[in-house]
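Here's the structure we're looking at; comments come further down.
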Amino acid sequence: VEELIKEVYVANIQKKEAELESLQAQINPHFLYNTLSSISRLAKFGEIEKLHEMVMGLAKFYRLSLNKGYTIIAVPLELEQVGAYIDIQSIKFKNRLSVWYDVQAEVHGYETVKLILQPFVENSLEHALFGKSITIKVTARLVEGNIVFKIIDDGIGMKPEMVNKILSRDGVQLGYGIRNVDERIKLQYGQAYGVNIFSRLGMGTTVTITIPAIKKRSHENRR
């Protein structure tokens with residue numbers, strides 16, 4: 001009995017730690033600073049329309065990210081949140097960023113842990129070669145009782161040892177947001193679910209995120 005109590009206690013502590021890390025990821029100061037810097041440049045050069053688009057996109061991104069403290073949301077809201085992030089980056093990257101969505105309509109009736117897609121799109125953009133174009137594909141499918149998301153890019157890719165570091169706690173700050181997604185999914189749904197990364201140096205990266213297909217509750221979000 002004592003051992004069981006200890007396991008439950010440790011699991012609760014781990015979940016709280018992951019939630020705190022998730023809160024920091026939602027605020028995402030690095031992204032905020034960079035976006036504010038871009039807004040400042042747009043204002044300086046008088047690009048008012050783009051400035052307006054970026055400010056509105058930033059407001060939408062944080063409204064969906066913070067989402068009144070809910071941790072479980074409807075799949076369409078998760079897709080909308082990553083879309084808001086992509087809209088902001090499209091202004092920064094101009095015509096160098098192409099994004100494709102391939103989302104099965106059936107997944108809209110399910111729920112997910114929030115903020116599980118954006119960190120991987122951010123990672124794709126951070127590893128894009130400077131000055132080069134990049135294509136990202138976001139997919140969502142209902143597969144054998146699971147929802148499977150994929151983020152596929154044609155960026156520079158990674159060596160296997162880099163992938164291992166990203167998913168390992170030994171990687172310290174490397175892959176912080178990505179590792180947090182995997183941890184939150186496992187704490188919520190169990191070890192059978194989470195993140196898998198396949199990457200080839202010079203050829204791109206495919207991230208597969210698997211969660212159980214749980215029908216959306218009568219209320220769209222829950223804590």
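Numbering starts fresh at 1 for the residues of each chain in the structure tokens, the chains themselves are lettered A, B, ... in the order given, and ligands are numbered from 1 as they appear.
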Need the shell around range 138-147 of chain A: protein/DNA/RNA residues with any atom at most 12 Å away, counting only C-alpha atoms. Skip same-chain ones fewer than 6 positions apart. Format as a PyMOL selection string? chain A and resi 75-76+78-80+82-83+86+98-113+117-118+120-121+124+153+189+192-194+206-215
Would you put the residues from that selection into a file with C-alpha atoms, as a CSV table (one decimal), in the first residue's frame?
chain,number,residue,atom,x,y,z
A,75,VAL,CA,-8.9,19.2,-31.8
A,76,PRO,CA,-10.2,22.1,-34.0
A,78,GLU,CA,-5.5,22.9,-31.4
A,79,LEU,CA,-5.4,23.2,-35.2
A,80,GLU,CA,-6.5,26.8,-35.0
A,82,VAL,CA,-1.0,26.2,-34.7
A,83,GLY,CA,-2.5,28.0,-37.6
A,86,ILE,CA,2.0,29.7,-38.8
A,98,SER,CA,4.7,26.9,-47.7
A,99,VAL,CA,2.3,25.1,-45.4
A,100,TRP,CA,-0.1,22.3,-46.3
A,101,TYR,CA,-2.9,20.9,-44.2
A,102,ASP,CA,-4.3,17.4,-44.6
A,103,VAL,CA,-6.9,17.0,-41.8
A,104,GLN,CA,-9.4,14.2,-41.8
A,105,ALA,CA,-12.9,15.7,-41.0
A,106,GLU,CA,-13.6,12.9,-38.4
A,107,VAL,CA,-10.9,14.1,-36.0
A,108,HIS,CA,-12.8,17.3,-35.4
A,109,GLY,CA,-15.1,15.4,-33.0
A,110,TYR,CA,-12.3,14.5,-30.6
A,111,GLU,CA,-10.3,16.2,-27.9
A,112,THR,CA,-6.5,16.5,-27.3
A,113,VAL,CA,-4.0,17.8,-24.8
A,117,LEU,CA,1.6,20.8,-32.6
A,118,GLN,CA,3.1,24.3,-32.4
A,120,PHE,CA,7.2,21.0,-33.7
A,121,VAL,CA,6.4,23.6,-36.3
A,124,SER,CA,11.0,23.0,-38.2
A,153,ASP,CA,9.1,19.3,-43.2
A,189,TYR,CA,-2.8,9.0,-21.5
A,192,ALA,CA,1.8,3.8,-25.1
A,193,TYR,CA,1.2,7.4,-26.5
A,194,GLY,CA,3.5,10.3,-27.3
A,206,THR,CA,8.7,13.7,-39.7
A,207,VAL,CA,7.2,14.1,-36.3
A,208,THR,CA,4.4,11.6,-35.3
A,209,ILE,CA,2.2,12.4,-32.3
A,210,THR,CA,-0.2,9.7,-31.2
A,211,ILE,CA,-3.0,10.2,-28.6
A,212,PRO,CA,-6.1,8.0,-27.9
A,213,ALA,CA,-9.3,9.0,-29.8
A,214,ILE,CA,-11.5,10.4,-27.0
A,215,LYS,CA,-14.7,12.0,-28.0
Run DSSP on the backbone and grab whatever in range 23-212 of chain A lands in strand (DSSP E or B); send it over as a PyMOL selection string. chain A and resi 72-74+97-103+110-113+134-143+146-153+194-200+204-212
For those residues, write N, CA and C atoms to a file as a short mmCIF file (atom, residue, chain, number, x, y, z; two decimals), in the first residue's frame.
data_model
loop_
_atom_site.label_atom_id
_atom_site.label_comp_id
_atom_site.auth_asym_id
_atom_site.auth_seq_id
_atom_site.Cartn_x
_atom_site.Cartn_y
_atom_site.Cartn_z
N ILE A 72 -7.11 20.39 -21.69
CA ILE A 72 -7.69 19.50 -22.69
C ILE A 72 -8.66 20.33 -23.54
N ILE A 73 -8.45 20.31 -24.85
CA ILE A 73 -9.28 21.14 -25.74
C ILE A 73 -9.75 20.31 -26.94
N ALA A 74 -10.68 20.87 -27.69
CA ALA A 74 -11.15 20.22 -28.91
C ALA A 74 -10.05 20.27 -29.98
N LEU A 97 7.97 30.35 -47.02
CA LEU A 97 7.30 29.33 -46.22
C LEU A 97 6.02 28.86 -46.90
N SER A 98 5.93 27.55 -47.12
CA SER A 98 4.72 26.94 -47.67
C SER A 98 4.19 25.93 -46.65
N VAL A 99 2.90 26.01 -46.35
CA VAL A 99 2.30 25.09 -45.37
C VAL A 99 1.07 24.44 -45.99
N TRP A 100 0.99 23.11 -45.82
CA TRP A 100 -0.14 22.34 -46.32
C TRP A 100 -0.82 21.63 -45.16
N TYR A 101 -2.14 21.63 -45.19
CA TYR A 101 -2.92 20.92 -44.17
C TYR A 101 -3.66 19.74 -44.83
N ASP A 102 -3.59 18.60 -44.18
CA ASP A 102 -4.34 17.42 -44.64
C ASP A 102 -5.00 16.81 -43.40
N VAL A 103 -6.18 17.31 -43.08
CA VAL A 103 -6.85 16.95 -41.83
C VAL A 103 -8.15 16.19 -42.12
N TYR A 110 -13.11 15.07 -31.74
CA TYR A 110 -12.34 14.53 -30.61
C TYR A 110 -11.60 15.64 -29.86
N GLU A 111 -10.99 15.25 -28.74
CA GLU A 111 -10.25 16.21 -27.91
C GLU A 111 -8.78 15.82 -27.82
N THR A 112 -7.98 16.76 -27.35
CA THR A 112 -6.54 16.54 -27.26
C THR A 112 -5.93 17.36 -26.12
N VAL A 113 -4.78 16.92 -25.65
CA VAL A 113 -3.96 17.79 -24.80
C VAL A 113 -3.58 18.99 -25.67
N ILE A 134 11.08 26.63 -47.19
CA ILE A 134 10.78 25.40 -46.46
C ILE A 134 9.29 25.09 -46.62
N THR A 135 8.99 23.82 -46.75
CA THR A 135 7.61 23.37 -46.85
C THR A 135 7.28 22.51 -45.64
N ILE A 136 6.14 22.79 -45.02
CA ILE A 136 5.69 22.04 -43.84
C ILE A 136 4.29 21.49 -44.13
N LYS A 137 4.09 20.23 -43.80
CA LYS A 137 2.77 19.61 -43.97
C LYS A 137 2.26 19.17 -42.60
N VAL A 138 1.03 19.57 -42.28
CA VAL A 138 0.39 19.20 -41.01
C VAL A 138 -0.76 18.24 -41.34
N THR A 139 -0.70 17.03 -40.78
CA THR A 139 -1.76 16.06 -41.05
C THR A 139 -2.39 15.57 -39.75
N ALA A 140 -3.63 15.13 -39.84
CA ALA A 140 -4.33 14.55 -38.68
C ALA A 140 -5.25 13.46 -39.18
N ARG A 141 -5.13 12.27 -38.58
CA ARG A 141 -5.89 11.10 -39.02
C ARG A 141 -6.41 10.32 -37.83
N LEU A 142 -7.56 9.69 -38.03
CA LEU A 142 -8.10 8.74 -37.06
C LEU A 142 -7.62 7.36 -37.49
N VAL A 143 -6.78 6.72 -36.65
CA VAL A 143 -6.17 5.45 -37.01
C VAL A 143 -6.33 4.43 -35.88
N ASN A 146 -6.95 5.68 -32.45
CA ASN A 146 -6.05 6.75 -32.05
C ASN A 146 -6.18 7.94 -33.00
N ILE A 147 -5.77 9.09 -32.51
CA ILE A 147 -5.59 10.24 -33.40
C ILE A 147 -4.09 10.40 -33.62
N VAL A 148 -3.71 10.44 -34.89
CA VAL A 148 -2.29 10.55 -35.24
C VAL A 148 -2.07 11.86 -35.99
N PHE A 149 -1.29 12.74 -35.37
CA PHE A 149 -0.87 13.99 -36.00
C PHE A 149 0.53 13.79 -36.58
N LYS A 150 0.80 14.44 -37.70
CA LYS A 150 2.16 14.44 -38.24
C LYS A 150 2.55 15.86 -38.67
N ILE A 151 3.79 16.21 -38.35
CA ILE A 151 4.39 17.46 -38.83
C ILE A 151 5.57 17.04 -39.71
N ILE A 152 5.47 17.31 -40.99
CA ILE A 152 6.48 16.86 -41.96
C ILE A 152 7.13 18.09 -42.59
N ASP A 153 8.45 18.14 -42.58
CA ASP A 153 9.13 19.27 -43.23
C ASP A 153 10.26 18.79 -44.12
N GLY A 194 2.46 9.28 -27.32
CA GLY A 194 3.51 10.28 -27.26
C GLY A 194 4.06 10.65 -28.62
N VAL A 195 5.35 10.99 -28.63
CA VAL A 195 6.00 11.57 -29.80
C VAL A 195 7.06 10.64 -30.36
N ASN A 196 7.08 10.53 -31.68
CA ASN A 196 8.14 9.80 -32.38
C ASN A 196 8.72 10.71 -33.45
N ILE A 197 10.04 10.75 -33.54
CA ILE A 197 10.70 11.62 -34.52
C ILE A 197 11.56 10.78 -35.46
N PHE A 198 11.33 10.95 -36.76
CA PHE A 198 12.17 10.33 -37.77
C PHE A 198 12.79 11.44 -38.60
N SER A 199 14.10 11.45 -38.69
CA SER A 199 14.78 12.54 -39.40
C SER A 199 16.02 12.03 -40.13
N ARG A 200 16.27 12.63 -41.28
CA ARG A 200 17.49 12.35 -42.02
C ARG A 200 18.19 13.67 -42.33
N GLY A 204 15.10 16.27 -44.19
CA GLY A 204 13.89 16.70 -43.50
C GLY A 204 13.52 15.82 -42.32
N THR A 205 12.41 16.16 -41.70
CA THR A 205 11.99 15.51 -40.46
C THR A 205 10.49 15.24 -40.48
N THR A 206 10.11 14.07 -39.94
CA THR A 206 8.70 13.74 -39.75
C THR A 206 8.47 13.47 -38.26
N VAL A 207 7.58 14.24 -37.66
CA VAL A 207 7.21 14.06 -36.26
C VAL A 207 5.82 13.43 -36.22
N THR A 208 5.69 12.32 -35.50
CA THR A 208 4.41 11.64 -35.35
C THR A 208 3.96 11.75 -33.89
N ILE A 209 2.77 12.27 -33.69
CA ILE A 209 2.21 12.45 -32.34
C ILE A 209 0.95 11.60 -32.25
N THR A 210 0.94 10.67 -31.30
CA THR A 210 -0.19 9.74 -31.17
C THR A 210 -0.87 9.91 -29.82
N ILE A 211 -2.19 10.09 -29.86
CA ILE A 211 -3.01 10.16 -28.64
C ILE A 211 -4.24 9.28 -28.84
N PRO A 212 -4.87 8.82 -27.76
CA PRO A 212 -6.09 8.03 -27.93
C PRO A 212 -7.24 8.90 -28.44
#
Distance table requested - range 105-220 of chain A against range 29-50 of chain A, cut-off 12 Å, only C-alpha atoms: one row per qualifying residue with the closest atom pair and its distance in Å to one decimal, ordered by chain and rising residue number, as a Markdown table.
| residue | atom | partner | partner_atom | distance |
| --- | --- | --- | --- | --- |
| A:Gln118 | CA | A:Phe31 | CA | 11.3 |
| A:Pro119 | CA | A:Phe31 | CA | 10.7 |
| A:Glu122 | CA | A:Phe31 | CA | 9.0 |
| A:Asn123 | CA | A:Phe31 | CA | 11.6 |
| A:Leu125 | CA | A:Phe31 | CA | 11.8 |
| A:Glu126 | CA | A:Phe31 | CA | 11.0 |
| A:Gly177 | CA | A:His30 | CA | 11.8 |
Report the residues of range 10-189 of chain A whose backbone DSSP state falls under helix (DSSP H, G or I), written as an MDAnalysis selection string. chainID A and resid 10:27 29:44 48:69 75:96 105:109 118:126 160:166 169:171 176:189
Got a sec: who's within 12 Å of Tyr62 in chain A, counting only C-alpha atoms, leaving out chain neighbours fewer than 3 positions off, as a list in words? Leu23, Ala25, Gln26, Ile27, Asn28, Pro29, Phe31, Leu32, Val55, Met56, Gly57, Leu58, Ala59, Ser65, Leu66, Asn67, Lys68, Gly69, Glu80, Gln81, Val82, Ala84, Tyr85, Ile88 and Leu115 of chain A
How many Å lie between CA of Lys216 in chain A and CA of Gln188 in chain A, rounded to one decimal?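 Between these atoms lies a distance of 15.5 Å.
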